[in-house]
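Below: the structure, in structure tokens.
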Amino acid sequence: MKLGELRPAKGAQKNRKRVGRGPGSGHGKTCCRGENGYKARSGSSVRPGFEGGQMPLYRRLPKRGFTNIFRVTYSVVNVGDLEARFEKGEITPQILRDSGLAGKKKNPIKILGNGELSKAFVVSSHAFSKSAIEKIKAAGGAVKVIT
């Protein structure tokens, strides 16, 4: 097989519909658009959700709740993950992000107390749960809160 002999698979390419080419083609005169109306005109396109002038569904339904624009979303890390991933030493948010535990987003990091901890770590993070602080201190480590 040569480069010049390559062809698309059978049925992979269709000929475009040639409209407005006379009555014998089946696509003549009104070009498959019907007689009159909005969609028969050039440049017409109905926006998503338009219901022909009827009050659309997204406006008929009641609004509920609100979005708190001051909400803080944390990337969470459990103390059990620290036990499995690291040896003794200091753990910072940058180390957690580099290891993939806290994700690559710039969200603040919160340490939660799920899992067991036997190694002494000095953990720096933006927030801690009470159980996480207890487990870290019980293992001989320390907690630093970053503001």
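A note on labels: chains of the structure tokens are A, B, ... as shown, every chain counts residues from 1, and ligands are counted from 1 in their shown order.
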
Please give the complete set of residues from stretch 49-137 of chain A that DSSP, run on the backbone, assigns to helix (DSSP H, G or I), formatted as a PyMOL selection string. chain A and resi 57-60+79-85+93-99+130-137

Would you kindly return, as a PyMOL selection string, each protein, DNA or RNA residue with an atom no farther than 12 Å from any atom of A:Ser44, considering only C-alpha atoms and excluding same-chain residues fewer than 6 positions away? chain A and resi 33+37-38

All strand (DSSP E or B) residues (DSSP, backbone) inside stretch 9-141 of chain A, as a PyMOL selection string: chain A and resi 75-78+89-91+109-112+121-125+127-128

Residues near stretch 76-92 of chain A, anyone? I mean within 12 Å using only C-alpha atoms, not counting same-chain ones fewer than 4 positions away, as a PyMOL selection string. chain A and resi 96-103+105+107-137+139-146

Two-atom distance - atom CA of A:Cys32, atom CA of A:Arg18 (Å): 10.7 Å
